[in-house]
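Notes for the one structure printed next.
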Amino acid sequence: MSRSLLALVEALDHVYERVAADPGVRDGDILSWVGEALQVVEPPVDKRVAREARRVARLARRLGEFWSRPDAGPLPDDWRSAVDEALGSRGWQPTLDIIRFGLDTDPSPELFEEMQFRFAVVHFRPWLEGIDYESYLAGRGDL
């Protein structure tokens with residue numbers, strides 16, 4: 001499951017990227033993209049994962065609304081910067097929560113690494129700084 005959650009997070013990031021490239025996109029397109037993203041996860045999709053994907057859809061809509069305003073100014077060249085400017089760190093919270101769910105249910109070194117990265121993006125501080133994956137598992141009692 002960890003690989004499919006990583007693929008889902010990447011696909012949800014791509015939703016933001018597509019909206020940043022075309023802020024005037026319709027809500028139906030955003031919902032369709034999120035639905036396509038969810039197809040990388042083997043059914044049934046956990047309700048917590050589905051909830052966070054829906055949050056991405058709502059935030060993507062806000063991203064488009066922000067950059068569609070006449071007073072929004074020029075879009076940054078990097079879509080991640082466009083997300084940061086429009087949504088702040090809360091834009092990245094849903095994917096962080098998906099990664100956290102994956103670590104809780106099916107930990108992997110890849111999810112651990114992604115958690116470290118996304119936690120820092122959302123909270124502006126490191127997550128378990130100085131702790132490696134094996135130490136993390138040992139602390140959970142998984143080793």
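By order of appearance in the structure tokens: chains A, B, ..., then residues from 1 within every chain, and ligands from 1 in the order shown.
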
Closest atom pairs, region 52-92 of chain A residues within 8 Å of region 20-38 of chain A, only C-alpha atoms, as a Markdown table:
```
| residue | atom | partner | partner_atom | distance |
| --- | --- | --- | --- | --- |
| A:Ala53 | CA | A:Val34 | CA | 6.6 |
| A:Arg54 | CA | A:Val34 | CA | 7.6 |
| A:Val56 | CA | A:Val34 | CA | 7.8 |
| A:Ala57 | CA | A:Leu31 | CA | 6.2 |
| A:Ala60 | CA | A:Ile30 | CA | 7.2 |
| A:Arg61 | CA | A:Asp27 | CA | 6.6 |
| A:Leu63 | CA | A:Ala20 | CA | 7.2 |
| A:Gly64 | CA | A:Pro23 | CA | 4.0 |
| A:Glu65 | CA | A:Pro23 | CA | 6.8 |
| A:Trp67 | CA | A:Pro23 | CA | 5.8 |
| A:Ser68 | CA | A:Pro23 | CA | 5.7 |
| A:Leu75 | CA | A:Ala20 | CA | 7.9 |
| A:Trp79 | CA | A:Ala20 | CA | 5.7 |
| A:Ala82 | CA | A:Ala20 | CA | 6.5 |
| A:Val83 | CA | A:Ala20 | CA | 7.4 |
```

Original post:
When DSSP works through the backbone of this structure, what residues of region 5-139 of chain A end up as helix (DSSP H, G or I), shown as a PyMOL selection string?
Top reply: chain A and resi 5-21+27-38+47-68+79-91+93-105+109-123+133-139

**OP:** Please provide the set of residues having any atom within 9 Å of Leu59 (chain A), restricted to only C-alpha atoms, with same-chain residues fewer than 6 positions apart removed, written as a ChimeraX atom specification.
**Re:** /A:16,87,90-91

Got time to write the residues from that selection, C-alpha atoms, as an mmCIF file, in the first residue's frame?
```cif
data_model
loop_
_atom_site.group_PDB
_atom_site.id
_atom_site.type_symbol
_atom_site.label_atom_id
_atom_site.label_comp_id
_atom_site.auth_asym_id
_atom_site.auth_seq_id
_atom_site.Cartn_x
_atom_site.Cartn_y
_atom_site.Cartn_z
ATOM 1 C CA TYR A 16 -2.375 21.412 -8.009
ATOM 2 C CA LEU A 87 -2.906 28.453 0.111
ATOM 3 C CA ARG A 90 -2.430 24.292 4.639
ATOM 4 C CA GLY A 91 -2.358 23.433 0.944
#
```

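Interatomic distance, CA of Val45 (chain A) to CA of Ala11 (chain A): 15.0 Å.
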
Original post:
Could you name the residues that touch Tyr136 (chain A) at 12 Å or less, counting only C-alpha atoms, but leaving out those on the same chain fewer than 3 positions away, as a PyMOL selection string?
Top reply: chain A and resi 103-104+107-109+111-113+115-116+127-133+139-143

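For the choices A:Glu42, A:Phe66, A:Pro126, A:Arg58, the atom-to-atom distance to Val15 (chain A) is smallest for A:Arg58 when using only C-alpha atoms.
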
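Picture a line from CA of Asp77 (chain A) to CA of Phe124 (chain A); it runs 22.3 Å.
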
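Interatomic distance, CA of Glu17 (chain A) against CA of Ile99 (chain A): 19.1 Å.
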
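Using only C-alpha atoms, the nearest neighbour of Val40 (chain A) within the list A:Ser2, A:Ser81, A:Gln93, A:Thr105 is A:Ser2.
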
Original post:
So, counting only C-alpha atoms, which residue among A:Ala72, A:Leu96, A:Ala7, A:Val19 is closest to Val122 (chain A)?
Top reply: A:Leu96

**OP:** Find the residues near Asp46 (chain A): any atom within 10 Å, counting only C-alpha atoms, skip ones fewer than 5 places away on the same chain, and give them as a ChimeraX atom specification.
**Re:** /A:41,51,101
